[in-house]
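Raw model10.pdb, PDB, C-alpha atoms:
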ATOM      1  CA  MET A   1      -8.907  26.035 -22.050  1.00  0.00           C
ATOM      2  CA  ALA A   2      -6.327  24.461 -19.733  1.00  0.00           C
ATOM      3  CA  GLU A   3      -3.432  22.516 -21.217  1.00  0.00           C
ATOM      4  CA  MET A   4      -4.564  19.425 -23.096  1.00  0.00           C
ATOM      5  CA  LYS A   5      -3.462  16.056 -21.722  1.00  0.00           C
ATOM      6  CA  ALA A   6      -3.926  12.525 -23.055  1.00  0.00           C
ATOM      7  CA  LEU A   7      -6.221  10.626 -20.686  1.00  0.00           C
ATOM      8  CA  ALA A   8      -8.646   7.709 -20.673  1.00  0.00           C
ATOM      9  CA  THR A   9     -12.043   9.336 -20.261  1.00  0.00           C
ATOM     10  CA  LEU A  10     -14.855   7.194 -18.845  1.00  0.00           C
ATOM     11  CA  ILE A  11     -18.502   8.155 -19.346  1.00  0.00           C
ATOM     12  CA  GLY A  12     -21.216   5.947 -17.876  1.00  0.00           C
ATOM     13  CA  ASP A  13     -24.923   5.850 -17.218  1.00  0.00           C
ATOM     14  CA  VAL A  14     -27.556   3.550 -15.762  1.00  0.00           C
ATOM     15  CA  VAL A  15     -29.302   1.242 -18.205  1.00  0.00           C
ATOM     16  CA  GLY A  16     -33.071   1.727 -18.206  1.00  0.00           C
ATOM     17  CA  SER A  17     -33.071   4.210 -15.333  1.00  0.00           C
ATOM     18  CA  ARG A  18     -36.156   5.996 -16.642  1.00  0.00           C
ATOM     19  CA  THR A  19     -38.247   2.890 -16.004  1.00  0.00           C
ATOM     20  CA  SER A  20     -37.013   2.446 -12.420  1.00  0.00           C
ATOM     21  CA  SER A  21     -39.819   2.299  -9.836  1.00  0.00           C
ATOM     22  CA  ASP A  22     -37.740   4.379  -7.406  1.00  0.00           C
ATOM     23  CA  ARG A  23     -35.375   6.693  -9.230  1.00  0.00           C
ATOM     24  CA  ALA A  24     -34.418   8.540  -6.041  1.00  0.00           C
ATOM     25  CA  GLU A  25     -33.232   5.301  -4.432  1.00  0.00           C
ATOM     26  CA  LEU A  26     -31.344   4.344  -7.592  1.00  0.00           C
ATOM     27  CA  HIS A  27     -29.674   7.742  -7.757  1.00  0.00           C
ATOM     28  CA  GLY A  28     -28.644   7.404  -4.129  1.00  0.00           C
ATOM     29  CA  ARG A  29     -27.066   4.017  -4.786  1.00  0.00           C
ATOM     30  CA  LEU A  30     -25.244   5.348  -7.824  1.00  0.00           C
ATOM     31  CA  THR A  31     -23.890   8.254  -5.785  1.00  0.00           C
ATOM     32  CA  LYS A  32     -22.516   5.879  -3.144  1.00  0.00           C
ATOM     33  CA  VAL A  33     -20.926   3.628  -5.771  1.00  0.00           C
ATOM     34  CA  VAL A  34     -19.279   6.578  -7.534  1.00  0.00           C
ATOM     35  CA  ASP A  35     -17.920   7.859  -4.204  1.00  0.00           C
ATOM     36  CA  SER A  36     -16.579   4.399  -3.350  1.00  0.00           C
ATOM     37  CA  ALA A  37     -14.940   4.117  -6.768  1.00  0.00           C
ATOM     38  CA  ASN A  38     -13.059   7.360  -6.213  1.00  0.00           C
ATOM     39  CA  THR A  39     -11.573   5.892  -3.039  1.00  0.00           C
ATOM     40  CA  ALA A  40     -10.867   2.402  -4.365  1.00  0.00           C
ATOM     41  CA  LEU A  41      -9.709   3.182  -7.892  1.00  0.00           C
ATOM     42  CA  THR A  42      -7.913   6.572  -7.584  1.00  0.00           C
ATOM     43  CA  PRO A  43      -8.930   8.080 -10.940  1.00  0.00           C
ATOM     44  CA  THR A  44      -6.911  10.951 -12.405  1.00  0.00           C
ATOM     45  CA  THR A  45     -10.054  13.077 -12.461  1.00  0.00           C
ATOM     46  CA  PRO A  46     -12.551  11.920  -9.813  1.00  0.00           C
ATOM     47  CA  LEU A  47     -15.736  10.365 -11.086  1.00  0.00           C
ATOM     48  CA  ARG A  48     -18.733  12.635 -10.643  1.00  0.00           C
ATOM     49  CA  ILE A  49     -22.401  12.549 -11.565  1.00  0.00           C
ATOM     50  CA  THR A  50     -23.003  15.207 -14.206  1.00  0.00           C
ATOM     51  CA  VAL A  51     -26.707  15.146 -15.047  1.00  0.00           C
ATOM     52  CA  GLY A  52     -29.443  12.661 -14.250  1.00  0.00           C
ATOM     53  CA  ASP A  53     -27.887   9.216 -14.020  1.00  0.00           C
ATOM     54  CA  GLU A  54     -24.770   9.976 -16.096  1.00  0.00           C
ATOM     55  CA  PHE A  55     -21.298  10.188 -14.606  1.00  0.00           C
ATOM     56  CA  GLN A  56     -17.765  10.717 -15.891  1.00  0.00           C
ATOM     57  CA  GLY A  57     -14.140  10.852 -14.863  1.00  0.00           C
ATOM     58  CA  SER A  58     -10.720   9.998 -16.243  1.00  0.00           C
ATOM     59  CA  PHE A  59      -7.846   7.592 -15.686  1.00  0.00           C
ATOM     60  CA  ALA A  60      -4.172   7.587 -16.565  1.00  0.00           C
ATOM     61  CA  THR A  61      -4.455   4.505 -18.781  1.00  0.00           C
ATOM     62  CA  VAL A  62      -7.084   2.739 -20.858  1.00  0.00           C
ATOM     63  CA  GLY A  63      -6.501  -0.374 -18.746  1.00  0.00           C
ATOM     64  CA  ALA A  64      -7.369   1.470 -15.550  1.00  0.00           C
ATOM     65  CA  ALA A  65     -10.566   2.814 -17.114  1.00  0.00           C
ATOM     66  CA  ILE A  66     -11.535  -0.670 -18.332  1.00  0.00           C
ATOM     67  CA  HIS A  67     -11.062  -2.092 -14.839  1.00  0.00           C
ATOM     68  CA  ALA A  68     -13.166   0.747 -13.420  1.00  0.00           C
ATOM     69  CA  SER A  69     -15.993  -0.095 -15.817  1.00  0.00           C
ATOM     70  CA  LEU A  70     -16.053  -3.675 -14.481  1.00  0.00           C
ATOM     71  CA  TRP A  71     -15.741  -2.608 -10.830  1.00  0.00           C
ATOM     72  CA  LEU A  72     -18.596  -0.108 -11.139  1.00  0.00           C
ATOM     73  CA  ARG A  73     -20.928  -2.584 -12.842  1.00  0.00           C
ATOM     74  CA  LEU A  74     -20.326  -5.248 -10.214  1.00  0.00           C
ATOM     75  CA  GLU A  75     -21.197  -2.826  -7.427  1.00  0.00           C
ATOM     76  CA  LEU A  76     -24.724  -2.378  -8.844  1.00  0.00           C
ATOM     77  CA  LEU A  77     -25.533  -5.712 -10.512  1.00  0.00           C
ATOM     78  CA  PRO A  78     -27.971  -7.435 -10.554  1.00  0.00           C
ATOM     79  CA  ASP A  79     -30.427  -4.755  -9.393  1.00  0.00           C
ATOM     80  CA  ALA A  80     -29.156  -2.159 -11.881  1.00  0.00           C
ATOM     81  CA  ASP A  81     -26.636  -2.167 -14.702  1.00  0.00           C
ATOM     82  CA  LEU A  82     -24.312   0.398 -16.230  1.00  0.00           C
ATOM     83  CA  ARG A  83     -23.019   1.035 -19.717  1.00  0.00           C
ATOM     84  CA  HIS A  84     -19.731   2.799 -20.392  1.00  0.00           C
ATOM     85  CA  GLY A  85     -17.958   4.628 -23.164  1.00  0.00           C
ATOM     86  CA  LEU A  86     -14.170   4.847 -22.907  1.00  0.00           C
ATOM     87  CA  GLY A  87     -12.153   7.330 -24.933  1.00  0.00           C
ATOM     88  CA  TRP A  88      -8.407   7.784 -25.262  1.00  0.00           C
ATOM     89  CA  GLY A  89      -7.059  11.152 -26.340  1.00  0.00           C
ATOM     90  CA  GLU A  90      -6.292  14.681 -25.271  1.00  0.00           C
ATOM     91  CA  VAL A  91      -8.696  16.403 -22.891  1.00  0.00           C
ATOM     92  CA  GLY A  92      -8.781  19.961 -21.556  1.00  0.00           C
ATOM     93  CA  VAL A  93     -10.902  21.746 -18.968  1.00  0.00           C
ATOM     94  CA  LEU A  94     -13.153  24.570 -20.157  1.00  0.00           C
ATOM     95  CA  ASP A  95     -14.363  25.505 -16.681  1.00  0.00           C
ATOM     96  CA  GLU A  96     -13.777  24.183 -13.154  1.00  0.00           C
ATOM     97  CA  GLN A  97     -17.040  25.217 -11.429  1.00  0.00           C
ATOM     98  CA  PRO A  98     -18.853  23.188 -12.499  1.00  0.00           C
ATOM     99  CA  ARG A  99     -16.174  21.146 -14.249  1.00  0.00           C
ATOM    100  CA  VAL A 100     -16.639  21.116 -18.012  1.00  0.00           C
ATOM    101  CA  GLU A 101     -14.259  19.113 -20.191  1.00  0.00           C
ATOM    102  CA  ASP A 102     -13.646  19.141 -23.915  1.00  0.00           C
ATOM    103  CA  GLY A 103     -11.225  17.753 -26.432  1.00  0.00           C
ATOM    104  CA  PRO A 104     -10.893  14.761 -28.755  1.00  0.00           C
ATOM    105  CA  GLY A 105     -10.486  12.253 -25.914  1.00  0.00           C
ATOM    106  CA  TRP A 106     -13.722  13.369 -24.262  1.00  0.00           C
ATOM    107  CA  TRP A 107     -15.613  13.270 -27.532  1.00  0.00           C
ATOM    108  CA  ALA A 108     -14.234   9.805 -28.251  1.00  0.00           C
ATOM    109  CA  ALA A 109     -15.757   8.596 -24.964  1.00  0.00           C
ATOM    110  CA  ARG A 110     -19.045  10.285 -25.836  1.00  0.00           C
ATOM    111  CA  ALA A 111     -19.093   8.592 -29.242  1.00  0.00           C
ATOM    112  CA  ALA A 112     -18.272   5.256 -27.607  1.00  0.00           C
ATOM    113  CA  ILE A 113     -21.200   5.323 -25.180  1.00  0.00           C
ATOM    114  CA  GLU A 114     -23.550   6.347 -27.972  1.00  0.00           C
ATOM    115  CA  ASP A 115     -22.257   3.361 -29.932  1.00  0.00           C
ATOM    116  CA  VAL A 116     -22.982   1.085 -26.955  1.00  0.00           C
ATOM    117  CA  ARG A 117     -26.579   2.292 -26.904  1.00  0.00           C
ATOM    118  CA  ALA A 118     -26.959   1.652 -30.637  1.00  0.00           C
ATOM    119  CA  GLN A 119     -25.145  -1.695 -30.780  1.00  0.00           C
ATOM    120  CA  SER A 120     -26.987  -3.147 -27.768  1.00  0.00           C
ATOM    121  CA  MET A 121     -30.227  -2.841 -29.728  1.00  0.00           C
ATOM    122  CA  ARG A 122     -28.985  -5.502 -32.149  1.00  0.00           C
ATOM    123  CA  PRO A 123     -30.286  -9.007 -31.281  1.00  0.00           C
ATOM    124  CA  GLY A 124     -26.853 -10.612 -31.053  1.00  0.00           C
ATOM    125  CA  LEU A 125     -25.299  -7.816 -28.980  1.00  0.00           C
ATOM    126  CA  ARG A 126     -27.925  -7.094 -26.336  1.00  0.00           C
ATOM    127  CA  ALA A 127     -25.402  -7.823 -23.572  1.00  0.00           C
ATOM    128  CA  MET A 128     -22.992  -5.134 -24.821  1.00  0.00           C
ATOM    129  CA  ARG A 129     -22.302  -2.572 -22.128  1.00  0.00           C
ATOM    130  CA  THR A 130     -18.768  -1.282 -22.802  1.00  0.00           C
ATOM    131  CA  ARG A 131     -17.078   0.299 -25.806  1.00  0.00           C
ATOM    132  CA  TYR A 132     -13.693   1.934 -26.387  1.00  0.00           C
ATOM    133  CA  GLN A 133     -12.772   4.518 -28.991  1.00  0.00           C
ATOM    134  CA  ARG A 134      -9.482   6.285 -29.693  1.00  0.00           C
ATOM    135  CA  ALA A 135      -9.423   9.905 -30.812  1.00  0.00           C
ATOM    136  CA  ASP A 136      -8.428  10.537 -34.430  1.00  0.00           C
ATOM    137  CA  ARG A 137      -4.685  10.819 -35.012  1.00  0.00           C
ATOM    138  CA  GLN A 138      -4.026   9.931 -31.368  1.00  0.00           C
ATOM    139  CA  PRO A 139      -1.549   7.099 -30.747  1.00  0.00           C
ATOM    140  CA  GLY A 140      -2.894   4.596 -28.268  1.00  0.00           C
ATOM    141  CA  PRO A 141      -4.353   1.116 -27.748  1.00  0.00           C
ATOM    142  CA  ASP A 142      -5.989  -0.504 -30.760  1.00  0.00           C
ATOM    143  CA  PRO A 143      -9.807  -0.209 -30.518  1.00  0.00           C
ATOM    144  CA  ALA A 144     -10.443  -3.440 -32.441  1.00  0.00           C
ATOM    145  CA  ALA A 145      -8.406  -5.577 -30.036  1.00  0.00           C
ATOM    146  CA  VAL A 146      -9.767  -3.890 -26.899  1.00  0.00           C
ATOM    147  CA  ASN A 147     -13.387  -4.047 -28.050  1.00  0.00           C
ATOM    148  CA  ALA A 148     -13.088  -7.722 -28.952  1.00  0.00           C
ATOM    149  CA  ALA A 149     -12.142  -8.440 -25.331  1.00  0.00           C
ATOM    150  CA  LEU A 150     -14.897  -6.182 -23.992  1.00  0.00           C
ATOM    151  CA  ILE A 151     -17.577  -7.885 -26.075  1.00  0.00           C
ATOM    152  CA  GLY A 152     -16.558 -11.253 -24.625  1.00  0.00           C
ATOM    153  CA  ARG A 153     -16.524  -9.903 -21.078  1.00  0.00           C
ATOM    154  CA  ASP A 154     -19.938  -8.288 -21.455  1.00  0.00           C
ATOM    155  CA  GLN A 155     -21.407 -11.491 -22.856  1.00  0.00           C
ATOM    156  CA  LEU A 156     -20.234 -13.496 -19.840  1.00  0.00           C
ATOM    157  CA  LEU A 157     -21.584 -10.902 -17.404  1.00  0.00           C
ATOM    158  CA  GLY A 158     -24.880 -10.780 -19.273  1.00  0.00           C
ATOM    159  CA  ALA A 159     -25.492 -14.446 -18.473  1.00  0.00           C
ATOM    160  CA  GLY A 160     -24.849 -14.068 -14.734  1.00  0.00           C
ATOM    161  CA  ASP A 161     -27.220 -14.076 -11.761  1.00  0.00           C
ATOM    162  CA  ALA A 162     -27.078 -12.544  -8.280  1.00  0.00           C
ATOM    163  CA  ARG A 163     -24.697 -15.192  -6.919  1.00  0.00           C
ATOM    164  CA  THR A 164     -22.452 -14.861  -9.950  1.00  0.00           C
ATOM    165  CA  PHE A 165     -22.046 -11.151  -9.295  1.00  0.00           C
ATOM    166  CA  ARG A 166     -21.469 -11.594  -5.551  1.00  0.00           C
ATOM    167  CA  LEU A 167     -18.740 -14.134  -6.212  1.00  0.00           C
ATOM    168  CA  LEU A 168     -17.111 -12.104  -8.939  1.00  0.00           C
ATOM    169  CA  ARG A 169     -17.249  -8.956  -6.812  1.00  0.00           C
ATOM    170  CA  GLY A 170     -15.455 -10.805  -4.034  1.00  0.00           C
ATOM    171  CA  MET A 171     -12.883 -12.319  -6.380  1.00  0.00           C
ATOM    172  CA  VAL A 172     -12.102  -8.942  -7.933  1.00  0.00           C
ATOM    173  CA  ALA A 173     -11.481  -7.703  -4.389  1.00  0.00           C
ATOM    174  CA  GLY A 174      -8.968 -10.533  -3.903  1.00  0.00           C
ATOM    175  CA  ARG A 175     -11.028 -12.748  -1.606  1.00  0.00           C
ATOM    176  CA  SER A 176     -10.494 -16.504  -1.579  1.00  0.00           C
ATOM    177  CA  GLN A 177     -13.028 -19.016  -2.829  1.00  0.00           C
ATOM    178  CA  ARG A 178     -13.019 -20.610   0.639  1.00  0.00           C
ATOM    179  CA  ASP A 179     -14.090 -17.340   2.267  1.00  0.00           C
ATOM    180  CA  LEU A 180     -16.759 -16.797  -0.365  1.00  0.00           C
ATOM    181  CA  ALA A 181     -18.082 -20.335   0.136  1.00  0.00           C
ATOM    182  CA  GLY A 182     -18.518 -19.627   3.845  1.00  0.00           C
ATOM    183  CA  GLU A 183     -20.482 -16.476   3.131  1.00  0.00           C
ATOM    184  CA  GLU A 184     -22.686 -18.218   0.581  1.00  0.00           C
ATOM    185  CA  GLY A 185     -23.286 -21.209   2.862  1.00  0.00           C
ATOM    186  CA  ILE A 186     -22.152 -23.701   0.233  1.00  0.00           C
ATOM    187  CA  SER A 187     -19.118 -25.935  -0.229  1.00  0.00           C
ATOM    188  CA  ALA A 188     -15.826 -24.800  -1.716  1.00  0.00           C
ATOM    189  CA  SER A 189     -16.329 -27.357  -4.503  1.00  0.00           C
ATOM    190  CA  ALA A 190     -19.695 -25.778  -5.353  1.00  0.00           C
ATOM    191  CA  ILE A 191     -17.972 -22.396  -5.611  1.00  0.00           C
ATOM    192  CA  SER A 192     -15.313 -23.910  -7.863  1.00  0.00           C
ATOM    193  CA  GLN A 193     -18.000 -25.388 -10.112  1.00  0.00           C
ATOM    194  CA  ARG A 194     -19.776 -22.029 -10.314  1.00  0.00           C
ATOM    195  CA  VAL A 195     -16.508 -20.271 -11.176  1.00  0.00           C
ATOM    196  CA  ARG A 196     -15.930 -22.703 -14.046  1.00  0.00           C
ATOM    197  CA  HIS A 197     -19.536 -22.813 -15.253  1.00  0.00           C
ATOM    198  CA  ASP A 198     -20.037 -19.028 -15.285  1.00  0.00           C
ATOM    199  CA  GLY A 199     -16.640 -18.204 -16.757  1.00  0.00           C
ATOM    200  CA  LEU A 200     -15.619 -16.142 -13.735  1.00  0.00           C
ATOM    201  CA  ALA A 201     -11.982 -17.180 -13.984  1.00  0.00           C
ATOM    202  CA  ALA A 202     -12.003 -16.000 -17.604  1.00  0.00           C
ATOM    203  CA  VAL A 203     -13.446 -12.619 -16.594  1.00  0.00           C
ATOM    204  CA  LEU A 204     -10.745 -12.210 -13.943  1.00  0.00           C
ATOM    205  CA  ALA A 205      -7.963 -13.267 -16.313  1.00  0.00           C
ATOM    206  CA  ALA A 206      -9.204 -10.879 -18.990  1.00  0.00           C
ATOM    207  CA  ASP A 207      -9.454  -8.072 -16.451  1.00  0.00           C
ATOM    208  CA  ALA A 208      -5.877  -8.642 -15.303  1.00  0.00           C
ATOM    209  CA  LEU A 209      -4.590  -8.532 -18.885  1.00  0.00           C
ATOM    210  CA  LEU A 210      -6.712  -5.529 -19.832  1.00  0.00           C
ATOM    211  CA  GLN A 211      -5.395  -3.579 -16.859  1.00  0.00           C
ATOM    212  CA  GLU A 212      -1.970  -3.746 -18.496  1.00  0.00           C
ATOM    213  CA  VAL A 213      -3.212  -1.799 -21.543  1.00  0.00           C
ATOM    214  CA  ALA A 214      -1.405   1.525 -21.434  1.00  0.00           C
TER
END

What would you get if you wrote out this structure as structure tokens?
Amino acid sequence: MAEMKALATLIGDVVGSRTSSDRAELHGRLTKVVDSANTALTPTTPLRITVGDEFQGSFATVGAAIHASLWLRLELLPDADLRHGLGWGEVGVLDEQPRVEDGPGWWAARAAIEDVRAQSMRPGLRAMRTRYQRADRQPGPDPAAVNAALIGRDQLLGAGDARTFRLLRGMVAGRSQRDLAGEEGISASAISQRVRHDGLAAVLAADALLQEVA
């Protein structure tokens, strides 16, 4: 195995992909989104689809991986949604062709996405889509604090509609509310009301703070 290195591993998959009426079209969209993410987000290890509708990659910090999980979801919502497991810890490469990774950080991410699947079955947590876990005996960000923020973010996103996601996608990209109002064909005040009503400013503020998590 190559030298182990502490990284933020991100594992994701498409929610309910097996029930999609056109899995080929969905897979094509996911492929384009993953390719775009590699250009826009510069992961340490490029994101890649591994099997079926699952993908993985790694980032230098937990904050960068958290931001990626939001960016990726917004690129597919509302037509499809993603869940993510984030793990912090050492990771090594078993083989390059095809790339196979191992190590406590990778397994932490795997455990996290399995936890998302289990927790989202609970009535009060159906909107949960993102979970973070730190490898045993690995110094790093506190899972309790990070997951508390992620639960709140997922809850706000779970209540959104198509316009909510278009606006938030534009705001994450740094576009002004005036520009977004022109695209939507509504007034700037209507955009401002939507931002307040849907908690979009809170999602952006949380994302900015979470990106600072080392």

For region 46-50 of chain A, work out the shell of residues within 12 Å, counting only C-alpha atoms and skipping chain neighbours fewer than 2 positions away, then give it as a PyMOL selection string. chain A and resi 9-14+27-44+52-60+65+68-69+72+97-101

Go through the shown structure with the PyMOL selection byres ((chain A and resi 80) around 9) and write out the matching residues as a PyMOL selection string. chain A and resi 14-17+26+73+76-79+81-82

Selection in question (the file shown): the PyMOL selection byres ((chain A and resi 173-183) around 12). Which residues does it include, as a ChimeraX atom specification? /A:40-41,67,70-71,74-75,163-172,184-195,200-201,204,208

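Minimum atom-to-atom distances from A:Ala6, A:Val213, A:Ile151, A:Ala159 to Gln119 (chain A) were compared using all atoms listed in the file, and the lowest value belongs to A:Ile151.
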
Report, in Å to a single decimal, how far apart CA of Gly152 (chain A) and CA of Trp88 (chain A) are. 20.7 Å

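The interatomic distance for the pair CA of Leu94 (chain A) and CA of Ala112 (chain A) works out to 21.3 Å.
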
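The protein and nucleic acid residues lying at most 7 Å from region 154-158 of chain A are Ala127, Met128, Arg129, Leu150, Ile151, Gly152, Gly160 and Gly199 of chain A, with only C-alpha atoms considered and sequence neighbours fewer than 2 positions away removed.
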
One decimal, in Å: what's the spacing between CA of Gln211 (chain A) and CA of Ala111 (chain A)? 22.1 Å

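Minimum atom-to-atom distance to Trp106 (chain A), evaluated using all atoms listed in the file, belongs to A:Arg134 out of A:Arg18, A:Arg83, A:Arg23, A:Arg134.
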